[in-house]
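Next comes protein-v2.cif, a file with mmCIF, C-alpha atoms and all ligand atoms.
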```cif
data_structure
#
loop_
_atom_site.label_atom_id
_atom_site.label_comp_id
_atom_site.auth_asym_id
_atom_site.auth_seq_id
_atom_site.Cartn_x
_atom_site.Cartn_y
_atom_site.Cartn_z
CA MET A 68 122.73 123.01 105.28
CA GLU A 69 119.14 124.22 104.78
CA ASN A 70 116.49 124.32 107.48
CA PHE A 71 114.45 121.14 107.56
CA ASN A 72 111.64 119.22 109.15
CA PHE A 73 112.64 115.61 109.82
CA TYR A 74 109.74 113.39 110.82
CA ALA A 75 110.24 109.62 110.75
CA PRO A 76 107.63 108.23 113.13
CA THR A 77 107.46 104.64 111.82
CA GLN A 78 108.01 101.98 114.45
CA VAL A 79 110.55 99.60 112.91
CA LEU A 80 110.59 95.99 114.08
CA PHE A 81 113.76 94.65 112.53
CA GLY A 82 115.12 91.12 112.37
CA GLU A 83 114.27 87.48 111.96
CA GLY A 84 111.05 86.44 113.67
CA GLN A 85 109.67 89.94 114.23
CA LEU A 86 106.39 88.96 112.57
CA LYS A 87 105.32 87.50 115.92
CA ASN A 88 104.64 91.08 117.04
CA LEU A 89 102.13 91.67 114.24
CA PRO A 90 98.98 91.01 116.31
CA ASN A 91 100.06 93.49 118.99
CA VAL A 92 100.97 96.12 116.45
CA LEU A 93 97.72 95.74 114.49
CA GLU A 94 95.30 95.65 117.36
CA ILE A 95 96.29 99.17 118.42
CA TYR A 96 94.36 100.26 115.33
CA GLY A 97 91.60 97.64 115.14
CA LYS A 98 90.66 94.13 114.20
CA LYS A 99 89.23 94.58 110.74
CA VAL A 100 92.24 94.34 108.44
CA LEU A 101 92.67 94.90 104.71
CA LEU A 102 95.55 92.62 103.67
CA VAL A 103 97.15 94.06 100.53
CA TYR A 104 99.69 92.06 98.52
CA GLY A 105 101.14 91.68 95.05
CA GLY A 106 101.20 88.94 92.45
CA GLY A 107 101.54 86.02 94.81
CA SER A 108 105.16 85.83 95.96
CA ILE A 109 103.96 85.91 99.58
CA LYS A 110 101.92 82.76 98.96
CA ARG A 111 104.88 80.94 97.45
CA ASN A 112 107.35 81.81 100.22
CA GLY A 113 105.08 81.15 103.19
CA ILE A 114 104.61 84.70 104.53
CA TYR A 115 100.89 84.63 103.66
CA ASP A 116 100.30 81.46 105.69
CA ALA A 117 102.38 82.79 108.58
CA ILE A 118 100.17 85.89 108.72
CA TYR A 119 96.97 83.83 108.83
CA ARG A 120 98.41 81.69 111.62
CA LEU A 121 99.14 84.83 113.64
CA LEU A 122 95.79 86.49 112.98
CA PRO A 123 93.19 83.76 113.65
CA ASP A 124 89.54 84.29 112.71
CA ALA A 125 88.59 84.46 116.35
CA ASP A 126 90.64 87.62 116.82
CA PHE A 127 90.88 89.36 113.45
CA THR A 128 88.78 89.70 110.32
CA ILE A 129 90.91 89.82 107.20
CA VAL A 130 89.69 91.14 103.89
CA GLU A 131 92.09 90.66 100.97
CA LEU A 132 93.23 92.78 98.08
CA GLY A 133 95.80 90.78 96.11
CA GLY A 134 97.25 91.37 92.67
CA VAL A 135 98.85 94.76 93.17
CA GLU A 136 101.01 95.29 90.08
CA PRO A 137 104.69 96.26 90.06
CA ASN A 138 104.31 99.97 89.19
CA PRO A 139 100.93 99.96 90.97
CA ARG A 140 97.92 101.16 89.05
CA ILE A 141 95.38 103.74 90.04
CA ASP A 142 92.50 101.33 89.38
CA THR A 143 93.79 99.04 92.12
CA VAL A 144 93.78 102.00 94.50
CA ARG A 145 90.16 102.74 93.59
CA LYS A 146 89.24 99.09 94.15
CA GLY A 147 90.99 99.07 97.53
CA ALA A 148 89.30 102.25 98.74
CA ALA A 149 85.89 100.84 97.78
CA LEU A 150 86.69 97.63 99.70
CA CYS A 151 87.66 99.63 102.79
CA HIS A 152 84.29 101.35 102.75
CA ALA A 153 82.26 98.23 102.01
CA GLU A 154 84.04 96.21 104.71
CA LYS A 155 84.49 99.01 107.27
CA ILE A 156 88.24 98.44 107.51
CA ASP A 157 90.16 99.69 110.59
CA VAL A 158 93.74 99.19 109.45
CA ILE A 159 95.62 98.32 106.25
CA LEU A 160 98.32 95.64 106.28
CA ALA A 161 100.61 95.89 103.25
CA VAL A 162 102.79 92.82 102.67
CA GLY A 163 105.25 93.20 99.83
CA GLY A 164 107.63 95.59 98.14
CA GLY A 165 107.32 99.24 97.30
CA SER A 166 104.47 98.72 94.86
CA THR A 167 102.21 97.05 97.40
CA ILE A 168 103.09 99.60 100.07
CA ASP A 169 102.62 102.60 97.76
CA CYS A 170 99.26 101.29 96.60
CA SER A 171 98.21 100.77 100.23
CA LYS A 172 99.19 104.32 101.15
CA ALA A 173 97.01 105.73 98.40
CA ILE A 174 94.12 103.48 99.44
CA ALA A 175 94.52 104.68 103.03
CA ALA A 176 94.18 108.33 102.00
CA ALA A 177 91.56 107.68 99.32
CA TYR A 178 89.32 106.29 102.05
CA TYR A 179 88.87 109.81 103.43
CA TYR A 180 88.74 111.59 100.08
CA GLU A 181 85.54 112.08 98.13
CA GLY A 182 87.10 112.66 94.72
CA ASP A 183 89.21 110.36 92.58
CA PRO A 184 92.55 109.28 94.15
CA TRP A 185 94.45 110.16 90.95
CA ASP A 186 93.87 113.78 92.11
CA PHE A 187 96.55 113.15 94.79
CA THR A 188 99.19 113.06 92.05
CA GLN A 189 98.11 116.48 90.83
CA ASN A 190 97.96 118.09 94.26
CA ARG A 191 99.57 116.64 97.39
CA GLY A 192 97.53 119.07 99.47
CA LEU A 193 94.51 116.84 98.87
CA VAL A 194 96.10 114.08 100.96
CA LYS A 195 94.62 114.69 104.39
CA GLU A 196 93.59 111.96 106.80
CA ALA A 197 94.45 108.32 106.08
CA LEU A 198 93.65 104.92 107.51
CA PRO A 199 96.51 103.54 109.64
CA LEU A 200 99.00 101.46 107.66
CA VAL A 201 101.24 98.65 108.89
CA THR A 202 103.72 97.04 106.50
CA VAL A 203 105.63 93.77 106.24
CA LEU A 204 108.46 94.46 103.82
CA THR A 205 109.53 91.67 101.47
CA MET A 206 112.01 93.51 99.27
CA ALA A 207 114.83 95.99 99.92
CA ALA A 208 114.52 98.88 97.51
CA THR A 209 112.24 101.88 97.79
CA GLY A 210 112.25 102.94 101.44
CA SER A 211 108.47 103.17 101.18
CA GLU A 212 108.33 101.22 104.46
CA MET A 213 109.51 104.31 106.31
CA ASN A 214 108.34 107.30 104.31
CA GLY A 215 105.16 109.06 103.21
CA GLY A 216 105.69 108.81 99.45
CA SER A 217 103.61 106.86 96.96
CA VAL A 218 104.18 106.47 93.23
CA LEU A 219 101.15 105.59 91.12
CA THR A 220 100.66 104.69 87.48
CA ASN A 221 97.77 105.56 85.18
CA PRO A 222 98.22 103.26 82.17
CA GLU A 223 95.45 105.00 80.25
CA THR A 224 97.41 108.26 80.12
CA ASN A 225 100.94 106.78 80.31
CA GLU A 226 101.60 108.70 83.48
CA LYS A 227 103.57 107.58 86.52
CA LEU A 228 103.44 110.28 89.17
CA SER A 229 104.22 110.58 92.84
CA THR A 230 102.24 111.88 95.74
CA GLY A 231 102.50 111.66 99.48
CA GLY A 232 101.80 113.11 102.87
CA ILE A 233 102.62 112.57 106.50
CA SER A 234 99.35 110.72 107.09
CA MET A 235 100.61 108.08 104.63
CA ILE A 236 103.73 107.23 106.61
CA PRO A 237 103.41 103.65 107.90
CA LYS A 238 102.66 103.42 111.62
CA ALA A 239 104.87 100.36 111.89
CA SER A 240 106.99 98.27 109.54
CA ILE A 241 108.19 94.75 110.11
CA LEU A 242 111.56 94.20 108.46
CA ASP A 243 112.59 90.55 108.49
CA PRO A 244 115.57 90.08 106.18
CA THR A 245 114.77 86.38 105.75
CA TYR A 246 111.62 87.45 103.87
CA THR A 247 113.86 88.78 101.11
CA TYR A 248 115.65 85.44 100.60
CA THR A 249 113.29 84.59 97.72
CA VAL A 250 113.75 87.88 95.85
CA SER A 251 115.11 87.07 92.37
CA LYS A 252 118.56 88.16 91.20
CA TRP A 253 116.91 90.65 88.86
CA GLN A 254 114.87 92.29 91.63
CA THR A 255 117.78 92.15 94.08
CA ALA A 256 119.94 94.04 91.59
CA ALA A 257 117.11 96.46 90.78
CA GLY A 258 116.39 97.12 94.44
CA SER A 259 120.07 97.70 95.20
CA ALA A 260 120.31 100.13 92.27
CA ASP A 261 117.23 101.94 93.55
CA ILE A 262 118.74 102.36 97.03
CA THR A 263 121.96 103.61 95.42
CA SER A 264 120.02 106.07 93.31
CA HIS A 265 118.10 107.50 96.28
CA LEU A 266 121.42 108.25 97.94
CA ILE A 267 122.96 109.74 94.80
CA GLU A 268 119.95 111.95 94.05
CA SER A 269 120.30 113.74 97.38
CA TYR A 270 124.10 113.62 97.49
CA PHE A 271 124.36 115.72 94.33
CA SER A 272 122.37 118.79 95.35
CA GLN A 273 122.78 122.49 94.84
CA ASN A 274 123.73 123.33 98.42
CA ALA A 275 127.02 122.54 100.08
CA GLY A 276 127.81 122.00 103.74
CA ALA A 277 125.44 119.15 104.57
CA SER A 278 128.28 116.94 105.67
CA VAL A 279 126.26 114.79 108.06
CA GLN A 280 123.89 113.81 105.28
CA ASP A 281 126.67 113.18 102.77
CA ARG A 282 128.89 111.11 105.06
CA LEU A 283 125.85 108.99 106.01
CA ALA A 284 125.00 108.60 102.32
CA GLU A 285 128.55 107.52 101.48
CA GLY A 286 128.44 104.90 104.24
CA LEU A 287 125.13 103.56 102.96
CA MET A 288 126.35 103.52 99.35
CA LYS A 289 129.44 101.55 100.37
CA THR A 290 127.24 99.14 102.31
CA VAL A 291 125.11 98.45 99.23
CA VAL A 292 128.19 98.05 97.04
CA GLN A 293 129.59 95.59 99.58
CA TYR A 294 126.49 93.49 100.13
CA ALA A 295 124.56 93.45 96.85
CA PRO A 296 127.04 91.01 95.24
CA VAL A 297 126.89 88.80 98.33
CA ALA A 298 123.08 88.63 98.17
CA LEU A 299 123.21 87.99 94.42
CA GLU A 300 125.64 85.11 94.91
CA ASP A 301 124.14 83.73 98.11
CA PRO A 302 120.45 84.78 98.35
CA THR A 303 120.03 83.40 101.88
CA ASN A 304 122.98 85.27 103.37
CA TYR A 305 121.38 86.94 106.39
CA GLU A 306 124.05 89.58 106.89
CA ALA A 307 123.80 90.74 103.29
CA ARG A 308 120.00 90.79 103.22
CA ALA A 309 119.88 92.59 106.59
CA ASN A 310 122.28 95.30 105.50
CA LEU A 311 120.46 95.84 102.21
CA MET A 312 117.11 96.00 103.97
CA TRP A 313 118.16 98.58 106.54
CA SER A 314 119.95 100.58 103.83
CA SER A 315 116.69 100.68 101.87
CA SER A 316 114.87 102.30 104.79
CA LEU A 317 117.61 104.75 105.76
CA ALA A 318 118.25 105.85 102.18
CA LEU A 319 114.80 107.35 101.86
CA ASN A 320 113.38 108.15 105.27
CA GLY A 321 114.72 111.70 105.17
CA LEU A 322 117.99 111.01 106.92
CA THR A 323 120.20 111.76 103.93
CA GLY A 324 117.86 114.06 102.02
CA ARG A 325 116.54 116.60 104.50
CA GLY A 326 118.54 119.81 104.61
CA LYS A 327 119.48 119.43 100.97
CA LEU A 328 117.86 121.29 98.11
CA GLY A 329 116.51 120.42 94.74
CA SER A 330 114.48 117.99 92.71
CA TRP A 331 115.65 114.53 91.69
CA SER A 332 116.79 114.20 88.08
CA CYS A 333 117.15 110.47 87.45
CA HIS A 334 113.86 109.59 89.13
CA ALA A 335 111.99 112.17 87.05
CA ILE A 336 113.44 110.62 83.90
CA GLU A 337 112.99 107.00 85.00
CA HIS A 338 109.33 107.49 85.88
CA GLU A 339 108.69 108.32 82.23
CA LEU A 340 110.39 105.09 81.09
CA SER A 341 108.18 103.12 83.49
CA ALA A 342 105.08 105.08 82.48
CA PHE A 343 105.51 104.31 78.78
CA TYR A 344 107.19 100.90 78.93
CA ASP A 345 106.32 99.51 82.38
CA ILE A 346 109.97 98.63 83.09
CA THR A 347 111.47 97.79 86.51
CA HIS A 348 112.16 101.06 88.35
CA GLY A 349 115.64 100.21 89.68
CA ILE A 350 116.84 98.88 86.33
CA GLY A 351 115.78 102.09 84.60
CA LEU A 352 117.65 104.10 87.23
CA ALA A 353 120.82 102.04 86.80
CA ILE A 354 120.77 102.67 83.05
CA ILE A 355 120.14 106.41 83.39
CA THR A 356 122.31 107.38 86.37
CA PRO A 357 125.85 107.08 84.94
CA ARG A 358 124.70 108.83 81.73
CA TRP A 359 123.14 111.62 83.78
CA MET A 360 126.42 111.94 85.69
CA GLU A 361 128.40 112.21 82.46
CA HIS A 362 125.98 114.87 81.20
CA VAL A 363 126.12 117.11 84.29
CA LEU A 364 129.86 116.83 84.93
CA ASN A 365 131.32 120.31 84.33
CA ASP A 366 133.60 122.90 85.96
CA ASP A 367 131.00 123.68 88.62
CA THR A 368 130.19 120.10 89.55
CA VAL A 369 133.55 118.38 89.22
CA ALA A 370 134.55 118.91 92.85
CA LYS A 371 131.49 117.02 94.06
CA PHE A 372 132.17 114.20 91.63
CA VAL A 373 135.73 113.97 92.94
CA GLU A 374 134.35 113.75 96.49
CA TYR A 375 132.06 110.94 95.33
CA ALA A 376 134.83 109.09 93.49
CA VAL A 377 137.23 109.26 96.41
CA ASN A 378 134.87 108.69 99.33
CA VAL A 379 132.62 106.02 97.82
CA TRP A 380 134.94 104.23 95.40
CA GLY A 381 138.35 104.90 96.94
CA ILE A 382 139.70 106.24 93.66
CA SER A 383 143.26 107.49 94.11
CA THR A 384 143.93 111.10 93.22
CA GLU A 385 147.67 110.98 92.80
CA GLY A 386 148.94 112.53 89.60
CA LYS A 387 145.46 112.90 88.13
CA ASP A 388 143.43 115.93 87.15
CA LYS A 389 139.99 116.48 88.67
CA PHE A 390 138.05 115.38 85.61
CA SER A 391 139.91 112.08 85.33
CA ILE A 392 139.14 111.28 88.96
CA ALA A 393 135.48 112.25 88.49
CA LYS A 394 135.19 110.07 85.38
CA GLU A 395 136.76 107.11 87.17
CA GLY A 396 134.06 107.42 89.84
CA ILE A 397 131.32 107.40 87.22
CA GLN A 398 132.91 104.41 85.48
CA ALA A 399 133.12 102.59 88.82
CA LEU A 400 129.36 102.99 89.26
CA LYS A 401 128.70 101.74 85.74
CA ASP A 402 131.00 98.74 86.23
CA CYS A 403 129.28 97.99 89.50
CA PHE A 404 125.84 97.84 87.84
CA VAL A 405 127.27 95.66 85.06
CA SER A 406 128.72 93.31 87.69
CA TRP A 407 125.21 92.97 89.14
CA ASP A 408 124.09 91.74 85.68
CA ILE A 409 121.97 94.80 84.99
CA PRO A 410 121.48 95.42 81.27
CA MET A 411 122.92 98.87 80.76
CA THR A 412 121.15 99.99 77.58
CA LEU A 413 117.55 100.90 76.81
CA PRO A 414 117.12 98.48 73.88
CA GLU A 415 117.93 95.63 76.26
CA VAL A 416 114.83 96.53 78.29
CA GLY A 417 112.66 96.88 75.19
CA ILE A 418 112.88 100.63 74.63
CA ASP A 419 113.58 102.00 71.15
CA LYS A 420 114.02 105.59 70.03
CA GLU A 421 110.42 106.22 69.02
CA LYS A 422 109.23 107.90 72.24
CA ILE A 423 112.52 109.36 73.49
CA ARG A 424 111.60 112.97 72.67
CA LEU A 425 108.12 112.59 74.13
CA MET A 426 109.47 111.06 77.34
CA ALA A 427 112.07 113.83 77.62
CA GLU A 428 109.37 116.49 77.34
CA LYS A 429 107.14 114.71 79.85
CA ALA A 430 110.01 114.35 82.35
CA VAL A 431 110.34 118.14 82.38
CA GLU A 432 106.59 118.74 82.36
CA HIS A 433 105.99 116.40 85.31
CA SER A 434 108.78 117.77 87.51
CA THR A 435 110.83 120.87 88.22
CA ILE A 436 114.12 119.49 86.91
CA ASP A 437 114.44 122.42 84.52
CA GLN A 438 114.62 124.77 87.52
CA THR A 439 115.62 123.06 90.75
CA ALA A 440 117.70 120.02 89.79
CA TYR A 441 121.39 119.78 90.75
CA VAL A 442 122.10 120.88 87.20
CA PRO A 443 118.83 122.12 85.65
CA LEU A 444 117.79 119.98 82.68
CA THR A 445 115.74 120.99 79.64
CA ALA A 446 113.95 118.48 77.41
CA ASP A 447 116.99 118.66 75.10
CA ASP A 448 119.24 117.66 77.99
CA VAL A 449 117.01 114.74 78.95
CA GLU A 450 116.83 113.64 75.33
CA ALA A 451 120.64 113.69 75.12
CA ILE A 452 120.94 111.66 78.33
CA LEU A 453 118.46 109.07 77.05
CA LEU A 454 120.14 108.85 73.65
CA ASN A 455 123.38 108.02 75.46
CA CYS A 456 121.63 104.95 76.86
CA PHE A 457 121.62 103.26 73.41
O1 LIG B 1 104.04 91.09 93.35
P1 LIG B 1 104.77 89.97 93.99
O2 LIG B 1 104.29 88.64 93.60
O3 LIG B 1 104.89 90.14 95.47
O4 LIG B 1 106.28 90.00 93.38
C1 LIG B 1 107.11 91.12 93.48
C2 LIG B 1 107.21 91.90 92.17
O5 LIG B 1 107.01 91.06 91.07
C3 LIG B 1 108.52 90.66 93.69
N1 LIG B 1 108.83 90.41 95.10
C4 LIG B 1 108.74 91.28 96.14
N2 LIG B 1 109.13 90.67 97.27
C5 LIG B 1 109.47 89.40 96.93
C6 LIG B 1 109.27 89.23 95.55
N3 LIG B 1 109.51 88.07 94.92
C7 LIG B 1 109.96 87.05 95.65
N4 LIG B 1 110.18 87.14 96.97
C8 LIG B 1 109.95 88.28 97.66
N5 LIG B 1 110.20 88.36 98.96
O6 LIG B 1 109.33 91.70 93.19
C9 LIG B 1 108.64 92.36 92.16
C10 LIG B 1 108.79 93.85 92.33
O7 LIG B 1 108.08 94.28 93.46
P2 LIG B 1 107.82 95.86 93.67
O8 LIG B 1 107.05 96.02 94.90
O9 LIG B 1 107.28 96.41 92.41
O10 LIG B 1 109.33 96.40 93.82
P3 LIG B 1 109.90 97.67 94.53
O11 LIG B 1 109.97 97.48 95.98
O12 LIG B 1 111.13 97.98 93.81
O13 LIG B 1 108.82 98.84 94.26
C11 LIG B 1 108.82 99.55 93.04
C12 LIG B 1 107.78 100.62 93.04
O14 LIG B 1 108.02 101.60 94.06
C13 LIG B 1 108.12 102.91 93.47
C14 LIG B 1 108.65 102.59 92.10
O15 LIG B 1 108.49 103.67 91.19
C15 LIG B 1 107.81 101.40 91.72
O16 LIG B 1 106.51 101.77 91.34
N6 LIG B 1 108.94 103.80 94.31
C16 LIG B 1 108.46 104.17 95.49
C17 LIG B 1 109.11 105.06 96.33
C18 LIG B 1 108.57 105.46 97.64
N7 LIG B 1 107.36 105.12 97.97
O17 LIG B 1 109.25 106.12 98.41
C19 LIG B 1 110.38 105.66 95.93
C20 LIG B 1 111.06 104.95 94.82
O18 LIG B 1 111.97 105.83 94.22
C21 LIG B 1 110.16 104.39 93.79
O19 LIG B 1 109.79 105.36 92.81
ZN ZN B 2 113.59 104.99 93.48
#
```
Go ahead and render the structure in this file as C-alpha cells.
Ligand code: NZQ
Ligand code: ZN
Amino acid sequence: MENFNFYAPTQVLFGEGQLKNLPNVLEIYGKKVLLVYGGGSIKRNGIYDAIYRLLPDADFTIVELGGVEPNPRIDTVRKGAALCHAEKIDVILAVGGGSTIDCSKAIAAAYYYEGDPWDFTQNRGLVKEALPLVTVLTMAATGSEMNGGSVLTNPETNEKLSTGGISMIPKASILDPTYTYTVSKWQTAAGSADITSHLIESYFSQNAGASVQDRLAEGLMKTVVQYAPVALEDPTNYEARANLMWSSSLALNGLTGRGKLGSWSCHAIEHELSAFYDITHGIGLAIITPRWMEHVLNDDTVAKFVEYAVNVWGISTEGKDKFSIAKEGIQALKDCFVSWDIPMTLPEVGIDKEKIRLMAEKAVEHSTIDQTAYVPLTADDVEAILLNCF
C-alpha cells in the first residue's frame, strides 16, 4: 500500500426527509444562494418546490442557474461565475446529478479566478479558493457529491477533461434516496455502471497489498450487482436506491482509491467518446470495460483477474486453469451489464468507426495511460479496445 492523503470532509446527511436540514446547512455560509440545476427533472419530481418552501424569501435570496447539460459545458460555468459576481452570491446549492454538481464546483472556483475557467482543465494548480458548495444529490453515479473532482466539456474543441481541488469538495451533501425514484431505467443502469467502473479502475492497479481498499471495493461492487436490478425493476424500492446512493459516494470519495497507484484507463477512453459523441458516461464505460479487461489480461495480470472473478462473482475455481476463471469473471461483468439493458456495442450508441483512431490518440494525449495505467496503453491498444466494441 502506498502512502496517501485521505481527506473526505463533506458532511453527509443521508436518508428520507433530510432536506429539512437544508436551511441550517446553508446559513452557515450565507443567505444569498445560487441554485444550480439541470434540464428540469427537479421541477417535475417536486424537489424544486420543496427547496423553495424551505428557503422562503424572507430568509434567503435565491438566484437560479438552470439548464446544466449532461456532460456539462464550459460556457455554463462561465455564465454561472458571472452570475455569482453580479449577484454577490455567498453559497452555491447544486441540485442534481454529477453534471450539475461538477458544473457548480467549477463555478465555485471560477469565482475567484481571473482567467478563463477552462484553464482549470489544463492545470489543476490554478484551482485555489472556491465559493462554498452544498449539494442535493438526485442520482447515484459519480460520487461527485463527496469528492473534489469536476469533469467539463468544451464542445468547440471536442474535449472533455477533468479538473479538481480540495476547495471544490462539497461542504455538505444531502442524500435522500427517494429523490432517485424518478431516475429512468437508462440512467439507473448508467449510474450503476459508473459506480462499478470507479471501483474497478482502482481495484486493478499496479501495486499489490492494499487489501483494505480491495475488500471494500469488492463489497461495494457486490452491493451494486445486488441492488441495480432491484431498482430497475422497482424504481421506488427504498433499500435498493439507498444502497446504490451510498455506494456512489463511497466508490469515489477516496476510500477505495487512495493508497493505490496509477491512472484510470476506461475513464480516459470513455471521456473521448463523450467528447466527440456526447454519449452517457456510464453507458460508455459499460461498453468499454469488459473489452479493456480482455485486452489487458495476460500472465502478469491474471492473478488479479482471478481474485476479481472469485471474490466479486463467486466463480468456482475447481478443475479450471487461471485464464478460464479470469475470463468467466469478465463474462460475468458483461452479462451483468446486458441484464441491465445496456447496449453493449458502440454502433448502438451512435458511434461508427470514423473517429476511432482520433479518439484513441486523444485518450493517450489527454492522460498518462501510456505510462501509469494498470497495463500501459498506447494509441494502438486503445484503438484495438474500441474496435472490439463493434
Ligand atoms: O438534467 P436533469 O433534468 O436533472 O436530468 C438528468 C440528466 O438528464 C437526469 N436526472 C438526474 N437526476 C434525476 C434525473 N431524472 C429524473 N429524476 C432524477 N432524480 O439524469 C440525466 C443525467 O444526469 P447527469 O448529472 O449527467 O448524470 P451523472 O450523475 O451520471 O453525471 C455524469 C457527469 O459526471 C461526470 C461524467 O463524466 C459526466 O459528465 N463524472 C464526474 C465525476 C466526478 N465529479 O467525480 C466522476 C465520474 O467518473 C464522471 O466522469
Ligand atoms: Zn465515472
Query - Separation of CA of Leu299 in chain A from CA of Asn378 in chain A in Å - result: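 It comes out at 24.3 Å.
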Query raised in the report: Quick one: residues within 10 Å of Gly113 in chain A, all atoms listed in the file counted, chain neighbours fewer than 5 positions away excluded, as a list in words?
Result: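 Final neighbour list, sorted by chain and number: Ser108, Ile118 and Tyr246 of chain A.
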Report task. Go through A:Ala161, A:Val377, A:Val130, A:Ala177 one by one, measure the shortest atom-to-atom distance of each to Arg145 in chain A using all atoms listed in the file, and give the residue with the smallest value. Result ->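 With all atoms listed in the file as the atom set, the closest residue is A:Ala177.
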Report task. Find the residues near ligand LIG 1 (chain B). Use a cut-off of 6 Å, count all atoms listed in the file, and write them as a VMD selection string. Result -> chain A and resid 105 to 109 137 to 139 163 to 167 169 205 to 206 208 to 211 216 to 218 246 to 247 249 to 250 254 258 348
Query - Environment of ligand ZN 2 (chain B) within 8 Å, counting all atoms listed in the file, reported as a list of chain:residue names - result: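 Using all atoms listed in the file, I find these residues within 8 Å of ligand ZN 2 (chain B): A:Ala208, A:Thr209, A:Asp261, A:Ile262, A:Ser264, A:His265, A:His334, A:His348, A:Gly349, A:Leu352.
You can rank A:Thr347, A:Ser272, A:Thr290, A:Asn72 by their closest distance to Trp380 in chain A using all atoms listed in the file, and at the top of that list sits A:Thr290.
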Contacts of range 211-233 of chain A with range 182-185 of chain A up to 10 Å, shortest pair per row, all atoms listed in the file, as a Markdown table:
```
| residue | atom | partner | partner_atom | distance |
| --- | --- | --- | --- | --- |
| A:Leu219 | CA | A:Trp185 | CA | 8.1 |
| A:Thr220 | CA | A:Trp185 | CA | 9.0 |
| A:Asn221 | CA | A:Trp185 | CA | 8.1 |
| A:Leu228 | CA | A:Trp185 | CA | 9.2 |
| A:Ser229 | CA | A:Trp185 | CA | 10.0 |
| A:Thr230 | CA | A:Trp185 | CA | 9.3 |
```
Query raised in the report: Near Glu69 in chain A, counting only C-alpha atoms, which residues have an atom at most 8 Å away, once you skip same-chain residues fewer than 6 positions from it, shown as a ChimeraX atom specification?
Result: /A:274,326-328
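Counting all atoms listed in the file, Lys195 in chain A has the following residues at most 9 Å away, ignoring those fewer than 3 positions along the same chain: Ala176, Tyr179, Tyr180, Arg191, Gly192, Gly232, Ile233, Ser234 and Met235 of chain A.
For the choices A:Leu198, A:Asn112, A:Ala149, A:Phe271, the atom-to-atom distance to Ile236 in chain A is smallest for A:Leu198 when using all atoms listed in the file.
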Query raised in the report: Which of these residues is nearest to Glu83 in chain A, using all atoms listed in the file: A:Glu136, A:Ala309, A:Ala256, A:Thr188?
Result: A:Ala309
